[in-house]
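This report concerns only the one structure given below.
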Amino acid sequence: MLDSSKLLLISLTLPLIGAALAVLAGARGATTARQSALITSLLTLLTVGTLVFRFPGGVEPFATANLSWLGADSGFDIRLRVGLDGLSVWLFGLSALLTVTCVLVSWDSIRQGAAGFYALLLLLEAGMLGVFAARDIILFYVCFEFTLIPLFFLIGIWGSEDRRRAAVKFFLFTLAGSVLTFLGLLTIVLQASQHAANGQLVFGIPELTQLLMADASHAIDTRLQVFIFLALFAGFAIKVPLFPLHTWLPLAHVQAPTAGSVVLAGVLLKIGTYGFLRFSIPMLPDATVRCMPFLLWLSVIGILYGALVALAQKDVKRLIAYSSVSHLGFCMLGLFALNRLGVQGGALQMINHGLSTGGLFACVGMIYQRYHTRQIGELGGMARTTPVLAFFMLVFTFSSIGLPGLNGFAGEFLLLIGMFQRARGVNPAGLDWQYMTIAVLAVSGVILGAWYMLLLIQKIFFGPTREPSSDEHTTILDLRIHEVAALTPLVVFIVWIGIRPGTFLAPMAPTLDQTTAQAEQVYRQGIIEAHGLRPIAVEVTRSQPDFSLSLPSLAHQLSPHSDANKDAPRR
Amino acid sequence: MLPDVNSDTFRLLIPEIILVVMAAWIFVAGAFTSGQGPWRLFAIVGMLFVAFALYNQDTSLKVYSNQPLFDTSGPLLVDAIGHSMRWLAWLSGLLLVLLSSRATNDGLRTEYLGALLLIVAGLMLSCTTGEMVTIFVSLELISIPTYILLFLGHRGASPHEAAMKYFFLSIASSALFLYGLSFLYGIAGGTQLSQLQVALATPGGADPVASGLIPVAMLLVLAGLGFKIAAVPFHFYAPDVYQGASSGNAGLLAVVPKIAGVLVLVRFLAAVAPSIAANGWTILLVLAAITMTVGNVTALWQTNVRRLMAYSSIAHAGYLLIGLAVAAGGIGGAEATSSQGLGATLFYLVTYVIATLGTFAAFAFLGNDESDISSLDDLAGLGTARPVIALTLAVFMFSLAGIPPLAGFFGKLSLFLGALSVDRPTGLSSIHTWFVVLAIIGALNAAISAAYYLRVVATMYFRPATRLTDPDGGLGAGLAAILAAILVIAVGVSPGTLSGRLLRASRSFAADSPSELAETISDIEVRLTQFKVEESR
């Protein structure tokens, strides 16, 4: 048995080797290239899967490795620190899983320059895995930015008609935000390093968090925190994308090749939410609390705006792209509800959205490959011609609209409860109407979500058979074996998370609690002071969480009694 | 007091002497031979000898140990910074020799090569001297052969406008520079920069009235050198001259004066450091902000690749000035800040030089006898037609834009980290805010610059070929591009060694208190004696 650290390093290098192999194999033809890419991505999935399986839970980092990179005497002790923890472990697994899906859905559709395509896809995988495994702030940023290059080429070379503009817009939009993020991260490094023992600059993420949390006097000055928060916000919010910074997303999604859309929706958008969770919330608790209403409003506007615009779309891919804006709004809403249920729901919803929207984009790609159109008006009655495709699409849709029993329900339910809890929350004076409005509006977003998705399904899968007339397509075949293989694992996880969300929440929960503890405490402190109560040190006591989501346990978590115990300040 | 010239001087100058002798040989013997093949090989072999001589000095002088090595009485100064930059000069010389294999008419190729070697010699000399007259001479040794090169220029197209423009502006800037030197000479009472430093650092060492002229003198020096590094407002020549020059010459103009200008500016700043501590940084900061913004924003509208690269070169001058502003702003503050700013500038310079030379090498490779690559459209479809050279160009563009994990990213990392850490213990707390603003401007500029670098990449990969010409720039140019691309990736993957070396070199440079200086000088004398002993064996 390999030890986990080595396995992690292997899983990070495998895609790089695979990319080189794909290029070499490309000399012998496209078939060899895609076979080699499939083998590498499966091997990577195997190692990543083993790591995820071995992940013990708890707050301790897992499978850490700490290799020298720039060297101690280079002036910057930036190291190749990698490892997994509760925040990253599922996203790490999701990246590897979706890459396999991407390789399979591109099997037939990518004919020109296949070697280059698969090499870039594997490079992208390496970047994504690196983002989630990085425990060094600069390594994180390097991987964060590096993911832009392969996706830029994937969209620009293999995309649809307007691909050039889409690729450039995607790249520049994201870069414009992330250069500010970069400054924000550097400022965190400089601020935290003032408290470092030897005066050296500290670049390790856990070390930085520790330095900032170690002592109340170590926290960064609140005003500066807000500036840093806004700098980080610039990059992460564009990546998420949070309304009104989402304008690059529909274009990029529509123009990207199927694999690009899958990986963009499935993983790359999560880097934004992950960034908030990894840096903003734990390292800048005061600013997080100050900006919380602002972010919640943006999230809920995104939810409604994305849903309403999705209702009006005629292009399937655009519709799903806007649904992403809406769903990521839910994730952000959960994260910035800043209580346990909300954050857990938000974190779970990140995975859920990756699975369901990744699956939806894959299905749309398969439809496009058959009919050469993405126009809703030109399709109809596909449930009869392609029942298997219809089945998969339906599962992903149900997952996406939050049908109970599937994963979307678990995530949305948790985070909405979290939001309502926040609205009723710690405020001793009763309801906080602002948060209550946000929560109610968010619930209406769920209904809108069901509306546009079911409308889409009804139009293209049921009703009279309609096929684009002006097309040379031959007989329409249902899904082929490799396409089924691409979608089945996603469905398995969708059902699994839906039935037993606890299995997936449990490994994340302790780390999530730890991540938000500081911000939550600041929030309570603020409420206490705002209501002129005696400022007492509120001990954030945490009972052992129960993840079974059984009714009694939920009732326990929700009962006003326990809530009052937990939240209300003692007078 | 005039500097002593003795046998040590010549020994330290062996690399430059090799280059000048080679150049002379090529000029003379080239007139009697036809073709240029053997001469290029001769030049490359000569460059290897130069590398050997440099390496020899590295080890025998222990250049990279902590103290600078002044030859206190002679005109030369060998220290870690200068020596690192000599290596950079050597590297750019090698790439230039490679990439110019078809740069001019058959009949003039030996002249071209000879002039090129002289320029490299001048560049290396400028890195290894700390004496004002020698600095001026070395800069002229760069400029004068450059005029010739611009006239030898390119087949067909008329290079004369570019050459004349450059000639007149260069002369004017030299005059300003020289005028500034005359003030400094008056203040120091000698031509050595170390004399100036000591005079300013010791109380009563310099005439107080004369010392008041330091800002004027430094402004003149800055104007002269601003021309060399193409900083705003001395940048107007660059786009026109680059556009009129051949790819190889444009590459030379983008790189060689910049290395010399930055290094010489660093030396002058270090020499007058205490006198400009109060507000020297403001002017550098403003220049940096304006230069990069003007360069980047104007580059957005360019369709001619050499004009585009000219504005890119202006923008990068702005980034380089960030580091110098940090170095100036750090004087009197935390000890590490100054040296970090300097180290960042030098590191950035290295990454800029390699990527820019690589870009022009790729352009030179893609050109042919009838036409050079000039319009962006000439690059359309390159990704499929010429995958290797397109890949190298993409690497250079991403590196210049500062996208990780390429060399340029770490350059920007160290610059921004330097800018964000400028602070003074007392009094001037607003200085921190200013540098934060500078860092934000720099970061936004990085995003702006990505727009036009990306346009080059997008043109190569996302557009079908329209009018691809047959690349006929010679194998050497292609080789230079590939070599540069490998270096860009290597520095990006493992920047530690280089940045560490440059940082340490910069640290040794910040020896500004008189007692430290005296210590340094005595230490150097010891080491020089050792050097003599070793050499005589």
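Identifiers in the structure tokens: chain A, B, ... in order shown; residue index from 1 per chain; ligand index from 1 in order shown.
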Counting only C-alpha atoms, which residues of chain B come no farther than 8 Å from chain A, as a PDB file with all heavy atoms, in the first residue's frame?
```pdb
ATOM      1  N   ILE B 403       1.074  35.204 -16.540  1.00  0.00           N
ATOM      2  CA  ILE B 403       0.204  34.089 -16.167  1.00  0.00           C
ATOM      3  C   ILE B 403       1.064  32.961 -15.620  1.00  0.00           C
ATOM      4  O   ILE B 403       2.031  32.563 -16.256  1.00  0.00           O
ATOM      5  CB  ILE B 403      -0.564  33.570 -17.403  1.00  0.00           C
ATOM      6  CG1 ILE B 403      -1.244  34.702 -18.137  1.00  0.00           C
ATOM      7  CG2 ILE B 403      -1.563  32.492 -16.995  1.00  0.00           C
ATOM      8  CD1 ILE B 403      -2.412  35.278 -17.445  1.00  0.00           C
ATOM      9  N   PRO B 404       0.742  32.450 -14.430  1.00  0.00           N
ATOM     10  CA  PRO B 404       1.509  31.312 -13.930  1.00  0.00           C
ATOM     11  C   PRO B 404       1.224  30.082 -14.759  1.00  0.00           C
ATOM     12  O   PRO B 404       0.184  30.013 -15.391  1.00  0.00           O
ATOM     13  CB  PRO B 404       0.972  31.130 -12.505  1.00  0.00           C
ATOM     14  CG  PRO B 404      -0.385  31.720 -12.527  1.00  0.00           C
ATOM     15  CD  PRO B 404      -0.342  32.823 -13.530  1.00  0.00           C
ATOM     16  N   PRO B 405       2.091  29.124 -14.782  1.00  0.00           N
ATOM     17  CA  PRO B 405       3.328  29.029 -14.027  1.00  0.00           C
ATOM     18  C   PRO B 405       4.543  29.422 -14.857  1.00  0.00           C
ATOM     19  O   PRO B 405       5.529  28.708 -14.863  1.00  0.00           O
ATOM     20  CB  PRO B 405       3.379  27.555 -13.679  1.00  0.00           C
ATOM     21  CG  PRO B 405       2.756  26.882 -14.882  1.00  0.00           C
ATOM     22  CD  PRO B 405       1.836  27.883 -15.529  1.00  0.00           C
ATOM     23  N   PHE B 416       5.110  42.917  -6.800  1.00  0.00           N
ATOM     24  CA  PHE B 416       3.941  43.323  -6.014  1.00  0.00           C
ATOM     25  C   PHE B 416       4.188  43.110  -4.529  1.00  0.00           C
ATOM     26  O   PHE B 416       3.787  43.925  -3.699  1.00  0.00           O
ATOM     27  CB  PHE B 416       2.696  42.553  -6.463  1.00  0.00           C
ATOM     28  CG  PHE B 416       2.259  42.886  -7.856  1.00  0.00           C
ATOM     29  CD1 PHE B 416       1.500  42.002  -8.601  1.00  0.00           C
ATOM     30  CD2 PHE B 416       2.613  44.091  -8.431  1.00  0.00           C
ATOM     31  CE1 PHE B 416       1.103  42.321  -9.892  1.00  0.00           C
ATOM     32  CE2 PHE B 416       2.228  44.417  -9.718  1.00  0.00           C
ATOM     33  CZ  PHE B 416       1.470  43.520 -10.455  1.00  0.00           C
ATOM     34  N   LEU B 417       4.847  42.011  -4.225  1.00  0.00           N
ATOM     35  CA  LEU B 417       5.147  41.751  -2.824  1.00  0.00           C
ATOM     36  C   LEU B 417       6.029  42.874  -2.277  1.00  0.00           C
ATOM     37  O   LEU B 417       5.836  43.344  -1.153  1.00  0.00           O
ATOM     38  CB  LEU B 417       5.846  40.400  -2.699  1.00  0.00           C
ATOM     39  CG  LEU B 417       5.654  39.605  -1.432  1.00  0.00           C
ATOM     40  CD1 LEU B 417       4.191  39.488  -1.089  1.00  0.00           C
ATOM     41  CD2 LEU B 417       6.242  38.226  -1.600  1.00  0.00           C
ATOM     42  N   LEU B 420       3.881  46.078  -1.842  1.00  0.00           N
ATOM     43  CA  LEU B 420       2.945  46.046  -0.724  1.00  0.00           C
ATOM     44  C   LEU B 420       3.659  46.124   0.621  1.00  0.00           C
ATOM     45  O   LEU B 420       3.046  46.446   1.631  1.00  0.00           O
ATOM     46  CB  LEU B 420       2.101  44.768  -0.771  1.00  0.00           C
ATOM     47  CG  LEU B 420       1.076  44.692  -1.901  1.00  0.00           C
ATOM     48  CD1 LEU B 420       0.423  43.336  -1.931  1.00  0.00           C
ATOM     49  CD2 LEU B 420       0.029  45.767  -1.729  1.00  0.00           C
ATOM     50  N   SER B 421       4.965  45.813   0.624  1.00  0.00           N
ATOM     51  CA  SER B 421       5.620  45.795   1.928  1.00  0.00           C
ATOM     52  C   SER B 421       6.394  47.072   2.224  1.00  0.00           C
ATOM     53  O   SER B 421       7.065  47.148   3.242  1.00  0.00           O
ATOM     54  CB  SER B 421       6.536  44.575   2.033  1.00  0.00           C
ATOM     55  OG  SER B 421       7.463  44.595   0.990  1.00  0.00           O
ATOM     56  N   ALA B 439       0.646  49.188  -6.480  1.00  0.00           N
ATOM     57  CA  ALA B 439       0.479  47.757  -6.702  1.00  0.00           C
ATOM     58  C   ALA B 439      -0.851  47.475  -7.388  1.00  0.00           C
ATOM     59  O   ALA B 439      -0.933  46.641  -8.292  1.00  0.00           O
ATOM     60  CB  ALA B 439       0.548  47.005  -5.372  1.00  0.00           C
ATOM     61  N   ILE B 440      -1.891  48.213  -6.986  1.00  0.00           N
ATOM     62  CA  ILE B 440      -3.195  47.985  -7.620  1.00  0.00           C
ATOM     63  C   ILE B 440      -3.137  48.394  -9.086  1.00  0.00           C
ATOM     64  O   ILE B 440      -3.616  47.668  -9.968  1.00  0.00           O
ATOM     65  CB  ILE B 440      -4.291  48.778  -6.876  1.00  0.00           C
ATOM     66  CG1 ILE B 440      -4.473  48.186  -5.479  1.00  0.00           C
ATOM     67  CG2 ILE B 440      -5.595  48.729  -7.637  1.00  0.00           C
ATOM     68  CD1 ILE B 440      -5.393  48.969  -4.587  1.00  0.00           C
ATOM     69  N   ALA B 443      -1.378  45.714 -10.898  1.00  0.00           N
ATOM     70  CA  ALA B 443      -2.171  44.499 -11.090  1.00  0.00           C
ATOM     71  C   ALA B 443      -3.197  44.709 -12.196  1.00  0.00           C
ATOM     72  O   ALA B 443      -3.376  43.848 -13.064  1.00  0.00           O
ATOM     73  CB  ALA B 443      -2.871  44.130  -9.781  1.00  0.00           C
ATOM     74  N   LEU B 444      -3.862  45.876 -12.175  1.00  0.00           N
ATOM     75  CA  LEU B 444      -4.851  46.122 -13.225  1.00  0.00           C
ATOM     76  C   LEU B 444      -4.174  46.175 -14.588  1.00  0.00           C
ATOM     77  O   LEU B 444      -4.712  45.698 -15.588  1.00  0.00           O
ATOM     78  CB  LEU B 444      -5.593  47.437 -12.952  1.00  0.00           C
ATOM     79  CG  LEU B 444      -6.505  47.365 -11.734  1.00  0.00           C
ATOM     80  CD1 LEU B 444      -7.149  48.708 -11.469  1.00  0.00           C
ATOM     81  CD2 LEU B 444      -7.575  46.301 -11.941  1.00  0.00           C
ATOM     82  N   ALA B 446      -1.632  44.476 -15.421  1.00  0.00           N
ATOM     83  CA  ALA B 446      -1.363  43.097 -15.845  1.00  0.00           C
ATOM     84  C   ALA B 446      -2.573  42.540 -16.562  1.00  0.00           C
ATOM     85  O   ALA B 446      -2.458  41.842 -17.571  1.00  0.00           O
ATOM     86  CB  ALA B 446      -1.007  42.239 -14.639  1.00  0.00           C
ATOM     87  N   ALA B 447      -3.765  42.881 -16.047  1.00  0.00           N
ATOM     88  CA  ALA B 447      -4.978  42.391 -16.702  1.00  0.00           C
ATOM     89  C   ALA B 447      -5.157  43.054 -18.069  1.00  0.00           C
ATOM     90  O   ALA B 447      -5.526  42.396 -19.046  1.00  0.00           O
ATOM     91  CB  ALA B 447      -6.189  42.656 -15.817  1.00  0.00           C
ATOM     92  N   ILE B 448      -4.877  44.373 -18.128  1.00  0.00           N
ATOM     93  CA  ILE B 448      -5.015  45.059 -19.420  1.00  0.00           C
ATOM     94  C   ILE B 448      -4.059  44.460 -20.439  1.00  0.00           C
ATOM     95  O   ILE B 448      -4.412  44.189 -21.579  1.00  0.00           O
ATOM     96  CB  ILE B 448      -4.727  46.562 -19.262  1.00  0.00           C
ATOM     97  CG1 ILE B 448      -5.751  47.209 -18.336  1.00  0.00           C
ATOM     98  CG2 ILE B 448      -4.746  47.255 -20.610  1.00  0.00           C
ATOM     99  CD1 ILE B 448      -5.424  48.640 -17.982  1.00  0.00           C
ATOM    100  N   ALA B 450      -2.892  41.584 -20.590  1.00  0.00           N
ATOM    101  CA  ALA B 450      -3.304  40.256 -21.055  1.00  0.00           C
ATOM    102  C   ALA B 450      -4.187  40.376 -22.290  1.00  0.00           C
ATOM    103  O   ALA B 450      -4.170  39.507 -23.152  1.00  0.00           O
ATOM    104  CB  ALA B 450      -4.040  39.523 -19.942  1.00  0.00           C
ATOM    105  N   ALA B 451      -4.937  41.476 -22.394  1.00  0.00           N
ATOM    106  CA  ALA B 451      -5.847  41.611 -23.528  1.00  0.00           C
ATOM    107  C   ALA B 451      -5.086  41.580 -24.847  1.00  0.00           C
ATOM    108  O   ALA B 451      -5.490  40.882 -25.775  1.00  0.00           O
ATOM    109  CB  ALA B 451      -6.645  42.900 -23.394  1.00  0.00           C
ATOM    110  N   LEU B 454      -3.114  38.239 -25.353  1.00  0.00           N
ATOM    111  CA  LEU B 454      -4.059  37.191 -25.690  1.00  0.00           C
ATOM    112  C   LEU B 454      -4.507  37.308 -27.140  1.00  0.00           C
ATOM    113  O   LEU B 454      -4.806  36.314 -27.785  1.00  0.00           O
ATOM    114  CB  LEU B 454      -5.271  37.340 -24.778  1.00  0.00           C
ATOM    115  CG  LEU B 454      -5.842  36.057 -24.228  1.00  0.00           C
ATOM    116  CD1 LEU B 454      -4.776  35.254 -23.553  1.00  0.00           C
ATOM    117  CD2 LEU B 454      -6.930  36.379 -23.235  1.00  0.00           C
ATOM    118  N   ARG B 455      -4.559  38.557 -27.639  1.00  0.00           N
ATOM    119  CA  ARG B 455      -4.974  38.724 -29.023  1.00  0.00           C
ATOM    120  C   ARG B 455      -3.992  38.053 -29.954  1.00  0.00           C
ATOM    121  O   ARG B 455      -4.380  37.453 -30.963  1.00  0.00           O
ATOM    122  CB  ARG B 455      -5.082  40.215 -29.351  1.00  0.00           C
ATOM    123  CG  ARG B 455      -6.330  40.500 -30.148  1.00  0.00           C
ATOM    124  CD  ARG B 455      -6.582  41.957 -30.299  1.00  0.00           C
ATOM    125  NE  ARG B 455      -5.532  42.619 -31.052  1.00  0.00           N
ATOM    126  CZ  ARG B 455      -5.159  43.869 -30.811  1.00  0.00           C
ATOM    127  NH1 ARG B 455      -5.734  44.565 -29.869  1.00  0.00           N
ATOM    128  NH2 ARG B 455      -4.190  44.412 -31.518  1.00  0.00           N
ATOM    129  N   ALA B 458      -4.732  34.385 -29.619  1.00  0.00           N
ATOM    130  CA  ALA B 458      -6.010  34.056 -30.259  1.00  0.00           C
ATOM    131  C   ALA B 458      -5.869  34.086 -31.778  1.00  0.00           C
ATOM    132  O   ALA B 458      -6.418  33.233 -32.475  1.00  0.00           O
ATOM    133  CB  ALA B 458      -7.090  35.034 -29.795  1.00  0.00           C
ATOM    134  N   TYR B 461      -4.123  30.840 -32.888  1.00  0.00           N
ATOM    135  CA  TYR B 461      -4.777  29.548 -32.691  1.00  0.00           C
ATOM    136  C   TYR B 461      -6.221  29.511 -33.162  1.00  0.00           C
ATOM    137  O   TYR B 461      -6.723  28.462 -33.521  1.00  0.00           O
ATOM    138  CB  TYR B 461      -4.707  29.144 -31.221  1.00  0.00           C
ATOM    139  CG  TYR B 461      -3.359  28.597 -30.852  1.00  0.00           C
ATOM    140  CD1 TYR B 461      -2.387  29.407 -30.300  1.00  0.00           C
ATOM    141  CD2 TYR B 461      -3.055  27.256 -31.083  1.00  0.00           C
ATOM    142  CE1 TYR B 461      -1.146  28.915 -29.981  1.00  0.00           C
ATOM    143  CE2 TYR B 461      -1.822  26.747 -30.757  1.00  0.00           C
ATOM    144  CZ  TYR B 461      -0.863  27.585 -30.199  1.00  0.00           C
ATOM    145  OH  TYR B 461       0.369  27.076 -29.890  1.00  0.00           O
ATOM    146  N   PHE B 462      -6.910  30.656 -33.105  1.00  0.00           N
ATOM    147  CA  PHE B 462      -8.349  30.591 -33.347  1.00  0.00           C
ATOM    148  C   PHE B 462      -8.747  31.081 -34.727  1.00  0.00           C
ATOM    149  O   PHE B 462      -9.909  31.091 -35.057  1.00  0.00           O
ATOM    150  CB  PHE B 462      -9.113  31.417 -32.297  1.00  0.00           C
ATOM    151  CG  PHE B 462      -8.812  31.031 -30.884  1.00  0.00           C
ATOM    152  CD1 PHE B 462      -9.104  31.886 -29.842  1.00  0.00           C
ATOM    153  CD2 PHE B 462      -8.241  29.801 -30.584  1.00  0.00           C
ATOM    154  CE1 PHE B 462      -8.821  31.538 -28.543  1.00  0.00           C
ATOM    155  CE2 PHE B 462      -7.951  29.449 -29.286  1.00  0.00           C
ATOM    156  CZ  PHE B 462      -8.241  30.320 -28.263  1.00  0.00           C
ATOM    157  N   SER B 494      10.865  26.584 -11.760  1.00  0.00           N
ATOM    158  CA  SER B 494      11.777  26.593 -10.628  1.00  0.00           C
ATOM    159  C   SER B 494      12.482  27.941 -10.527  1.00  0.00           C
ATOM    160  O   SER B 494      13.638  28.082 -10.915  1.00  0.00           O
ATOM    161  CB  SER B 494      12.786  25.455 -10.811  1.00  0.00           C
ATOM    162  OG  SER B 494      13.843  25.634  -9.946  1.00  0.00           O
ATOM    163  N   PRO B 495      11.773  28.963 -10.059  1.00  0.00           N
ATOM    164  CA  PRO B 495      12.357  30.310 -10.033  1.00  0.00           C
ATOM    165  C   PRO B 495      13.288  30.546  -8.852  1.00  0.00           C
ATOM    166  O   PRO B 495      13.930  31.575  -8.774  1.00  0.00           O
ATOM    167  CB  PRO B 495      11.117  31.209  -9.933  1.00  0.00           C
ATOM    168  CG  PRO B 495      10.112  30.372  -9.241  1.00  0.00           C
ATOM    169  CD  PRO B 495      10.413  28.939  -9.546  1.00  0.00           C
ATOM    170  N   GLY B 496      13.348  29.575  -7.936  1.00  0.00           N
ATOM    171  CA  GLY B 496      14.027  29.808  -6.665  1.00  0.00           C
ATOM    172  C   GLY B 496      15.485  30.193  -6.783  1.00  0.00           C
ATOM    173  O   GLY B 496      15.925  31.180  -6.199  1.00  0.00           O
ATOM    174  N   THR B 497      16.234  29.435  -7.580  1.00  0.00           N
ATOM    175  CA  THR B 497      17.665  29.678  -7.656  1.00  0.00           C
ATOM    176  C   THR B 497      17.960  31.081  -8.144  1.00  0.00           C
ATOM    177  O   THR B 497      18.743  31.816  -7.545  1.00  0.00           O
ATOM    178  CB  THR B 497      18.310  28.673  -8.634  1.00  0.00           C
ATOM    179  OG1 THR B 497      17.561  27.476  -8.586  1.00  0.00           O
ATOM    180  CG2 THR B 497      19.739  28.433  -8.295  1.00  0.00           C
ATOM    181  N   LEU B 498      17.299  31.438  -9.238  1.00  0.00           N
ATOM    182  CA  LEU B 498      17.563  32.736  -9.840  1.00  0.00           C
ATOM    183  C   LEU B 498      17.147  33.865  -8.905  1.00  0.00           C
ATOM    184  O   LEU B 498      17.917  34.794  -8.649  1.00  0.00           O
ATOM    185  CB  LEU B 498      16.799  32.832 -11.165  1.00  0.00           C
ATOM    186  CG  LEU B 498      17.004  34.112 -11.937  1.00  0.00           C
ATOM    187  CD1 LEU B 498      18.436  34.231 -12.378  1.00  0.00           C
ATOM    188  CD2 LEU B 498      16.086  34.158 -13.140  1.00  0.00           C
ATOM    189  N   SER B 499      15.923  33.773  -8.358  1.00  0.00           N
ATOM    190  CA  SER B 499      15.465  34.885  -7.532  1.00  0.00           C
ATOM    191  C   SER B 499      16.301  34.979  -6.265  1.00  0.00           C
ATOM    192  O   SER B 499      16.600  36.076  -5.801  1.00  0.00           O
ATOM    193  CB  SER B 499      13.982  34.732  -7.200  1.00  0.00           C
ATOM    194  OG  SER B 499      13.811  33.839  -6.128  1.00  0.00           O
ATOM    195  N   GLY B 500      16.715  33.830  -5.730  1.00  0.00           N
ATOM    196  CA  GLY B 500      17.553  33.854  -4.541  1.00  0.00           C
ATOM    197  C   GLY B 500      18.881  34.535  -4.812  1.00  0.00           C
ATOM    198  O   GLY B 500      19.338  35.395  -4.055  1.00  0.00           O
ATOM    199  N   ARG B 501      19.482  34.183  -5.951  1.00  0.00           N
ATOM    200  CA  ARG B 501      20.773  34.772  -6.287  1.00  0.00           C
ATOM    201  C   ARG B 501      20.659  36.280  -6.472  1.00  0.00           C
ATOM    202  O   ARG B 501      21.461  37.059  -5.952  1.00  0.00           O
ATOM    203  CB  ARG B 501      21.292  34.108  -7.567  1.00  0.00           C
ATOM    204  CG  ARG B 501      22.517  34.759  -8.119  1.00  0.00           C
ATOM    205  CD  ARG B 501      23.222  33.857  -9.073  1.00  0.00           C
ATOM    206  NE  ARG B 501      23.884  32.766  -8.368  1.00  0.00           N
ATOM    207  CZ  ARG B 501      24.754  31.956  -8.944  1.00  0.00           C
ATOM    208  NH1 ARG B 501      25.048  32.083 -10.216  1.00  0.00           N
ATOM    209  NH2 ARG B 501      25.336  31.000  -8.269  1.00  0.00           N
ATOM    210  N   LEU B 503      18.358  38.233  -5.292  1.00  0.00           N
ATOM    211  CA  LEU B 503      18.018  38.893  -4.027  1.00  0.00           C
ATOM    212  C   LEU B 503      19.265  39.082  -3.176  1.00  0.00           C
ATOM    213  O   LEU B 503      19.496  40.145  -2.596  1.00  0.00           O
ATOM    214  CB  LEU B 503      16.975  38.070  -3.278  1.00  0.00           C
ATOM    215  CG  LEU B 503      16.386  38.772  -2.067  1.00  0.00           C
ATOM    216  CD1 LEU B 503      15.492  39.923  -2.519  1.00  0.00           C
ATOM    217  CD2 LEU B 503      15.592  37.817  -1.206  1.00  0.00           C
TER     218      LEU B 503
END
```
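With atom CA of Arg504 of chain B on one side and atom CA of Ala53 of chain B on the other, the separation reads 22.5 Å.
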Computed interatomic separation between atom CA of Ala25 of chain A and atom CA of Gly359 of chain A (Å):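 Distance between the two atoms: 28.4 Å.
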May I have the residues within 8 Å of segment 182-188 of chain B as a ChimeraX atom specification, using only C-alpha atoms and disregarding those fewer than 2 positions away in the same chain? /B:178-180,190-192,195-197,199-200,206-207,210-211,213-214,217
List as a tab-separated table every residue of segment 400-455 of chain A that is in contact with segment 335-353 of chain A, defined as an atom at most 12 Å from one of its atoms (using only C-alpha atoms), together with the nearest atom pair and the distance in Å rounded to one decimal, sorted by chain and then rising number.
```
residue	atom	partner	partner_atom	distance
A:Ser400	CA	A:His353	CA	7.1
A:Ile401	CA	A:His353	CA	10.3
A:Gly402	CA	A:Asn352	CA	9.8
A:Leu406	CA	A:Asn352	CA	9.3
A:Asn407	CA	A:Asn352	CA	6.0
A:Gly408	CA	A:Asn352	CA	5.9
A:Phe409	CA	A:Gln349	CA	9.1
A:Ala410	CA	A:Gly345	CA	7.4
A:Gly411	CA	A:Gly345	CA	4.6
A:Glu412	CA	A:Gly345	CA	6.3
A:Phe413	CA	A:Gly345	CA	7.3
A:Leu414	CA	A:Gly345	CA	4.6
A:Leu415	CA	A:Gly342	CA	4.0
A:Leu416	CA	A:Gly342	CA	6.8
A:Ile417	CA	A:Leu341	CA	6.8
A:Gly418	CA	A:Gly342	CA	3.9
A:Met419	CA	A:Ala337	CA	5.4
A:Phe420	CA	A:Ala337	CA	8.8
A:Gln421	CA	A:Asn339	CA	8.1
A:Arg422	CA	A:Ala337	CA	6.2
A:Ala423	CA	A:Ala337	CA	8.9
A:Arg424	CA	A:Ala337	CA	11.6
A:Gly425	CA	A:Asn339	CA	9.2
A:Val426	CA	A:Asn339	CA	10.6
A:Tyr435	CA	A:Ala337	CA	9.1
A:Met436	CA	A:Ala337	CA	11.5
A:Ile438	CA	A:Ala337	CA	10.4
A:Ala439	CA	A:Ala337	CA	9.8
```
When you draw a straight line from atom CA of Ala196 of chain A to atom CA of Ile281 of chain A, how long is it in Å? 21.1 Å
For Phe132 of chain A, find every residue with an atom within 9 Å (counting only C-alpha atoms), except residues of its own chain fewer than 3 positions away, and show them as a ChimeraX atom specification. /A:82-84,87-89,91-92,127-129,135,140,143,271,274
Choose the residue, out of A:Phe398, A:Phe361, A:Phe462, A:Phe391, that has the smallest atom-to-atom separation from Leu379 of chain A; count only C-alpha atoms. A:Phe462
Selected residue of minimal separation from Ile238 of chain A among A:Met366, A:Leu269, A:Ala216, A:Leu2, counting only C-alpha atoms: A:Leu269
DSSP on the backbone: what in segment 144-298 of chain A comes out helix (DSSP H, G or I), as a PyMOL selection string? chain A and resi 144-146+148-158+163-193+205-213+216-218+222-239+248-255+258-283+285-298
